[in-house]
file run35.txt (compact mmCIF, C-alpha atoms and all ligand atoms)
# COMPACT_ATOMS: atom_id res chain seq x y z
CA MET A 1 -5.58 -3.80 3.52
CA PRO A 2 -5.62 -1.64 6.66
CA GLU A 3 -7.46 -3.35 9.51
CA LEU A 4 -8.59 -2.02 12.89
CA PRO A 5 -5.09 -1.40 14.36
CA ASP A 6 -3.88 0.48 11.26
CA VAL A 7 -7.00 2.63 11.20
CA GLU A 8 -6.70 3.26 14.94
CA LYS A 9 -3.13 4.49 14.35
CA ALA A 10 -4.46 6.78 11.62
CA ARG A 11 -7.11 8.06 14.04
CA ARG A 12 -4.48 8.89 16.66
CA ASP A 13 -2.42 10.73 14.02
CA LEU A 14 -5.43 12.70 12.77
CA ASP A 15 -6.43 13.50 16.35
CA GLY A 16 -2.98 15.01 16.96
CA TRP A 17 -2.99 16.98 13.71
CA LEU A 18 -6.62 18.07 13.43
CA LEU A 19 -8.43 18.20 16.76
CA GLY A 20 -9.26 21.86 17.39
CA ALA A 21 -7.82 22.84 14.01
CA LYS A 22 -9.50 25.27 11.66
CA ILE A 23 -9.66 24.17 8.04
CA ALA A 24 -8.38 27.07 5.92
CA ALA A 25 -8.75 25.25 2.62
CA ALA A 26 -9.98 21.82 1.53
CA ARG A 27 -9.54 20.19 -1.83
CA CYS A 28 -10.33 16.83 -3.41
CA GLU A 29 -10.81 16.55 -7.14
CA ASP A 30 -11.33 12.79 -7.19
CA GLY A 31 -15.03 12.23 -7.88
CA TYR A 32 -14.66 8.46 -7.52
CA LEU A 33 -13.30 8.68 -3.95
CA LEU A 34 -15.93 11.31 -3.12
CA ARG A 35 -18.94 9.34 -4.39
CA PRO A 36 -21.76 10.25 -3.90
CA GLY A 37 -20.32 13.75 -3.24
CA SER A 38 -18.50 16.20 -5.49
CA ALA A 39 -15.35 18.30 -5.47
CA PRO A 40 -17.19 21.63 -4.97
CA ALA A 41 -19.28 20.20 -2.12
CA PHE A 42 -16.14 18.85 -0.43
CA ALA A 43 -14.44 22.26 -0.50
CA ARG A 44 -17.60 24.16 0.49
CA SER A 45 -18.51 21.88 3.40
CA LEU A 46 -15.07 21.80 4.97
CA THR A 47 -13.52 25.24 4.38
CA GLY A 48 -13.76 27.48 7.43
CA ARG A 49 -14.88 24.68 9.75
CA THR A 50 -13.18 23.63 12.99
CA VAL A 51 -12.59 19.93 13.73
CA GLU A 52 -14.24 19.05 17.04
CA SER A 53 -13.80 15.27 17.13
CA VAL A 54 -11.84 12.47 15.48
CA ASP A 55 -13.45 9.06 15.86
CA ARG A 56 -13.04 5.58 14.47
CA ARG A 57 -15.45 2.71 14.14
CA GLY A 58 -14.15 -0.48 12.55
CA LYS A 59 -12.23 0.59 9.46
CA TRP A 60 -14.01 3.97 9.17
CA LEU A 61 -12.74 7.33 10.44
CA ARG A 62 -15.04 10.28 11.19
CA LEU A 63 -14.17 13.93 11.68
CA GLY A 64 -16.86 15.92 13.51
CA LEU A 65 -17.11 19.60 12.49
CA ASP A 66 -18.29 22.64 14.45
CA ASP A 67 -21.41 23.05 12.27
CA GLY A 68 -22.50 19.45 12.92
CA GLY A 69 -21.17 18.22 9.57
CA ARG A 70 -18.88 15.23 9.24
CA LEU A 71 -16.13 13.92 7.03
CA PHE A 72 -15.98 10.13 6.82
CA SER A 73 -12.84 8.41 5.56
CA HIS A 74 -12.26 4.78 4.63
CA LEU A 75 -8.69 3.87 3.70
CA GLY A 76 -9.66 1.08 1.31
CA MET A 77 -6.57 -0.92 0.32
CA THR A 78 -3.85 1.70 0.17
CA GLY A 79 -5.17 4.89 1.75
CA GLU A 80 -3.14 6.88 4.29
CA TRP A 81 -3.19 10.31 5.91
CA VAL A 82 0.05 12.24 6.28
CA THR A 83 0.96 15.72 7.47
CA LEU A 84 3.27 18.06 5.58
CA ALA A 85 4.18 21.74 5.49
CA THR A 86 1.69 23.76 3.46
CA ASP A 87 4.29 24.66 0.82
CA VAL A 88 5.21 21.03 0.08
CA ARG A 89 3.97 20.17 -3.41
CA SER A 90 1.47 17.41 -4.14
CA GLN A 91 2.70 13.93 -3.31
CA ARG A 92 2.51 10.84 -5.47
CA ALA A 93 -1.03 9.41 -5.26
CA GLU A 94 -2.25 12.47 -3.34
CA ARG A 95 -6.04 12.63 -3.62
CA ALA A 96 -7.09 15.25 -1.06
CA ARG A 97 -5.64 17.94 1.14
CA LEU A 98 -6.80 19.89 4.16
CA ASP A 99 -4.77 23.01 4.91
CA VAL A 100 -5.28 23.72 8.59
CA VAL A 101 -4.28 26.10 11.35
CA ARG A 102 -3.95 24.63 14.80
CA ARG A 103 -2.67 26.58 17.79
CA GLY A 104 -1.42 29.27 15.42
CA ARG A 105 0.57 26.80 13.31
CA ALA A 106 -0.26 26.04 9.70
CA SER A 107 0.09 22.56 8.25
CA SER A 108 -1.29 20.52 5.44
CA VAL A 109 -2.91 17.14 6.01
CA ARG A 110 -2.95 15.05 2.84
CA TYR A 111 -4.78 11.89 1.85
CA LEU A 112 -2.75 9.53 -0.35
CA ASP A 113 -4.27 6.49 -2.04
CA THR A 114 -2.51 4.66 -4.86
CA ARG A 115 -5.26 2.18 -5.75
CA ARG A 116 -8.24 4.45 -4.88
CA PHE A 117 -10.37 1.85 -3.10
CA GLY A 118 -10.82 4.36 -0.26
CA ARG A 119 -13.75 6.74 0.29
CA LEU A 120 -14.14 10.35 1.46
CA VAL A 121 -17.72 11.21 2.31
CA VAL A 122 -18.90 14.62 3.50
CA ALA A 123 -22.31 14.45 5.18
CA LYS A 124 -24.60 16.48 7.41
CA ASP A 125 -25.53 13.36 9.35
CA GLU A 126 -24.36 9.79 9.94
CA ILE A 127 -24.06 7.58 6.86
CA ALA A 128 -25.32 4.00 6.49
CA GLU A 129 -21.76 2.66 6.09
CA TRP A 130 -21.07 3.96 9.63
CA THR A 131 -24.35 3.16 11.39
CA SER A 132 -24.52 -0.40 10.00
CA LEU A 133 -21.20 -1.36 11.60
CA GLY A 134 -21.23 -4.00 14.30
CA ARG A 135 -19.43 -3.91 17.60
CA ASP A 136 -15.94 -2.43 17.59
CA PRO A 137 -13.56 -4.70 19.56
CA LEU A 138 -11.43 -1.79 20.75
CA ALA A 139 -14.00 0.97 21.30
CA ASP A 140 -16.83 -1.23 22.64
CA GLY A 141 -14.93 -4.25 23.90
CA ILE A 142 -16.01 -7.82 23.22
CA GLU A 143 -17.25 -10.39 25.70
CA ALA A 144 -17.30 -14.13 25.11
CA SER A 145 -21.03 -14.32 25.95
CA TRP A 146 -21.90 -11.76 23.29
CA LEU A 147 -19.65 -13.34 20.65
CA ARG A 148 -20.99 -16.81 21.37
CA GLU A 149 -24.54 -15.57 20.82
CA GLU A 150 -23.56 -14.03 17.48
CA LEU A 151 -21.71 -17.17 16.34
CA THR A 152 -24.44 -19.56 17.49
CA ARG A 153 -26.95 -17.76 15.27
CA ARG A 154 -24.91 -18.38 12.14
CA GLY A 155 -23.96 -21.53 10.25
CA ARG A 156 -21.34 -19.86 8.08
CA ALA A 157 -17.62 -20.52 8.57
CA VAL A 158 -16.40 -18.83 11.75
CA LYS A 159 -13.75 -16.90 9.81
CA ASP A 160 -16.40 -15.46 7.52
CA ILE A 161 -18.46 -14.33 10.53
CA LEU A 162 -15.45 -12.72 12.25
CA MET A 163 -14.82 -10.66 9.11
CA ASP A 164 -18.47 -9.63 8.73
CA GLN A 165 -18.37 -5.86 9.44
CA SER A 166 -22.02 -5.82 10.53
CA VAL A 167 -21.21 -8.29 13.35
CA MET A 168 -17.80 -7.01 14.41
CA ALA A 169 -16.23 -3.94 12.85
CA GLY A 170 -12.57 -3.73 11.91
CA ILE A 171 -11.57 -7.39 11.64
CA GLY A 172 -9.98 -8.30 8.32
CA ASN A 173 -8.08 -11.29 6.99
CA ILE A 174 -4.96 -10.71 9.08
CA LEU A 175 -6.65 -10.36 12.49
CA ALA A 176 -9.13 -13.20 11.83
CA THR A 177 -6.39 -15.59 10.66
CA GLU A 178 -4.16 -14.80 13.63
CA ALA A 179 -6.96 -14.95 16.22
CA LEU A 180 -8.16 -18.35 14.95
CA TRP A 181 -4.65 -19.76 15.22
CA ILE A 182 -4.22 -18.35 18.75
CA ALA A 183 -7.60 -19.87 19.69
CA ARG A 184 -6.75 -23.22 18.00
CA VAL A 185 -9.94 -23.10 15.96
CA ASP A 186 -10.11 -24.30 12.33
CA PRO A 187 -11.36 -21.33 10.23
CA ARG A 188 -13.85 -23.59 8.37
CA SER A 189 -15.79 -24.56 11.52
CA PRO A 190 -19.39 -23.33 11.38
CA GLY A 191 -20.05 -20.54 13.90
CA ARG A 192 -22.81 -22.44 15.62
CA ALA A 193 -20.61 -25.55 16.13
CA LEU A 194 -18.04 -23.79 18.33
CA HIS A 195 -17.70 -24.77 21.97
CA ALA A 196 -17.72 -22.21 24.79
CA ARG A 197 -13.96 -22.59 25.26
CA ASP A 198 -13.36 -21.96 21.53
CA VAL A 199 -15.18 -18.64 21.86
CA THR A 200 -13.23 -17.67 24.99
CA GLY A 201 -10.07 -18.48 23.05
CA LEU A 202 -11.24 -16.36 20.12
CA VAL A 203 -11.89 -13.33 22.32
CA ARG A 204 -8.40 -13.70 23.76
CA GLY A 205 -6.96 -14.27 20.29
CA LEU A 206 -8.60 -11.16 18.86
CA ARG A 207 -7.36 -9.00 21.74
CA ARG A 208 -3.86 -10.36 21.40
CA ALA A 209 -3.77 -9.97 17.61
CA ILE A 210 -5.05 -6.37 17.89
CA ASP A 211 -2.58 -5.48 20.66
CA ARG A 212 0.36 -6.91 18.75
CA GLU A 213 -0.48 -4.78 15.71
CA LEU A 214 -1.15 -1.65 17.77
CA GLN A 215 2.22 -1.93 19.45
CA ASP A 216 4.04 -2.23 16.16
CA HIS A 217 5.21 1.31 15.52
CA GLY A 218 7.65 0.38 12.78
CA PRO A 219 7.18 1.09 9.10
CA ARG A 220 4.13 -0.54 7.57
CA ARG A 221 4.77 -4.08 6.51
CA ALA A 222 3.99 -5.45 3.11
CA GLU A 223 1.47 -8.28 2.77
CA GLY A 224 2.92 -11.58 3.86
CA GLU A 225 5.88 -10.05 5.67
CA GLY A 226 6.39 -9.25 9.30
CA ASP A 227 6.02 -11.21 12.48
CA PHE A 228 2.61 -12.81 12.04
CA PHE A 229 2.11 -16.24 13.58
CA VAL A 230 0.53 -17.79 10.48
CA TYR A 231 -0.86 -15.05 8.20
CA GLY A 232 0.94 -15.18 4.84
CA ARG A 233 2.94 -18.22 5.92
CA ALA A 234 1.32 -21.13 4.06
CA GLY A 235 3.88 -23.91 3.58
CA GLU A 236 5.95 -22.82 6.57
CA PRO A 237 6.01 -24.73 9.89
CA CYS A 238 3.36 -23.98 12.54
CA PRO A 239 5.09 -21.97 15.33
CA ARG A 240 3.36 -24.24 17.88
CA ASP A 241 3.96 -27.77 16.59
CA GLY A 242 5.97 -27.55 13.36
CA THR A 243 3.21 -28.92 11.10
CA ARG A 244 3.26 -27.48 7.58
CA LEU A 245 0.70 -24.66 7.47
CA THR A 246 -1.94 -25.03 4.79
CA SER A 247 -4.49 -22.68 3.25
CA VAL A 248 -8.09 -22.72 2.09
CA THR A 249 -10.30 -20.07 0.51
CA ILE A 250 -13.18 -18.88 2.69
CA GLY A 251 -15.48 -16.09 1.55
CA GLY A 252 -13.09 -15.33 -1.30
CA ARG A 253 -10.11 -14.81 1.02
CA THR A 254 -7.11 -17.05 1.62
CA SER A 255 -7.04 -18.51 5.10
CA VAL A 256 -3.84 -19.98 6.45
CA PHE A 257 -4.17 -22.47 9.30
CA CYS A 258 -2.53 -25.44 10.99
CA PRO A 259 -4.32 -28.75 10.31
CA THR A 260 -2.90 -30.23 13.54
CA CYS A 261 -3.55 -27.74 16.36
CA GLN A 262 -6.58 -25.90 14.94
CA VAL A 263 -9.60 -28.10 15.64
CA ARG A 264 -12.39 -28.37 13.09
CA ARG A 265 -15.83 -28.39 14.79
CA ARG A 266 -18.78 -29.74 12.82
ZN ZN A 301 -0.09 -26.17 14.80
call {"tool": "encode", "arguments": {"input": "run35.txt", "output": "structure tokens"}}
result
Amino acid sequence: MPELPDVEKARRDLDGWLLGAKIAAARCEDGYLLRPGSAPAFARSLTGRTVESVDRRGKWLRLGLDDGGRLFSHLGMTGEWVTLATDVRSQRAERARLDVVRRGRASSVRYLDTRRFGRLVVAKDEIAEWTSLGRDPLADGIEASWLREELTRRGRAVKDILMDQSVMAGIGNILATEALWIARVDPRSPGRALHARDVTGLVRGLRRAIDRELQDHGPRRAEGEGDFFVYGRAGEPCPRDGTRLTSVTIGGRTSVFCPTCQVRRR
């Protein structure tokens, strides 16, 4: 599932393709992705508009239009935006297209989504999914004092809190798993049991995990592949001390960790 760095890369792409562009035609026939909107409303709201901003918050993208309207996009599990020539036929799993003219050049920006867990929402104003998001580690920054306050208030497992989009937006299983290993914190530790140095380590871990992913410009990796420290590596040796990595389920998600160097606070 795309996490903050993947969505940030998508934002940078969309910014390059769409900022200042005029939408000549817009089409999405997929009522499920458009919920609660409709195909006619999608076309009507976007056609003729100029894109004035391309923003991201957590895992959500937002295009700002010249009439004050917005298009929100969530990539779900398998969503991606690509750009093609306008005469290129529909791609596999193509769900939406925006034919645009930018600096006199026509192109076609398409939304592909095999599994259709994504969303495309056209709105006149902000939507609750956007306004309810917590702090964005990249856009807003995170300080240890702030994170400690948030963790201290909650008795849930620290991993569960890190992935709570209303606390911090954009952190998914990959970033949380990697940051906890970097910080040497057992993912099952209750938030309120963490020591100040654990939280400092987590802030550093999150930054490092996000930076590593942002710098990876290669082709997108499949789940469990790639150069993660521990994510997807249960049963393999811990890169720090060689202990066999183990896994537990927290909040319905598999969490890989090292039972030796990741300390469980209680
Ligand atoms: Zn270890």
call {"tool": "closest_residue", "arguments": {"input": "run35.txt", "among": "A:Phe72, A:Phe257, A:Trp81, A:Tyr32", "to": "ligand ZN 301 (chain A)", "atoms": "all atoms listed in the file"}}
result
A:Phe257
call {"tool": "atom_distance", "arguments": {"input": "run35.txt", "atom1": "atom CA of A:Ile250", "atom2": "atom CA of A:Val7"}}
result
23.9 Å
call {"tool": "residues_near_ligand", "arguments": {"input": "run35.txt", "ligand": "ligand ZN 301 (chain A)", "cutoff": "6 Å", "atoms": "all atoms listed in the file", "output": "ChimeraX atom specification"}}
result
/A:238,240-241,243,258,260-261
call {"tool": "atom_distance", "arguments": {"input": "run35.txt", "atom1": "atom CA of A:Val88", "atom2": "atom CA of A:Ala26"}}
result
15.3 Å
call {"tool": "atom_distance", "arguments": {"input": "run35.txt", "atom1": "atom CA of A:Gly252", "atom2": "atom CA of A:Pro187"}}
result
13.1 Å
call {"tool": "closest_residue", "arguments": {"input": "run35.txt", "among": "A:Arg265, A:Arg105, A:Arg208, A:Arg56", "to": "A:Lys22", "atoms": "only C-alpha atoms"}}
result
A:Arg105
call {"tool": "residues_around", "arguments": {"input": "run35.txt", "residues": "A:Arg244", "least_positions_apart": "6", "cutoff": "6 Å", "atoms": "all atoms listed in the file", "output": "list of chain:residue names"}}
result
A:Gly235, A:Glu236, A:Pro237
call {"tool": "write_last_selection", "arguments": {"input": "run35.txt", "atoms": "C-alpha atoms", "output": "PDB file, in the coordinates of the input"}}
result
ATOM      1  CA  GLY A 235       3.880 -23.910   3.580  1.00  0.00           C
ATOM      2  CA  GLU A 236       5.950 -22.820   6.570  1.00  0.00           C
ATOM      3  CA  PRO A 237       6.010 -24.730   9.890  1.00  0.00           C
TER       4      PRO A 237
END
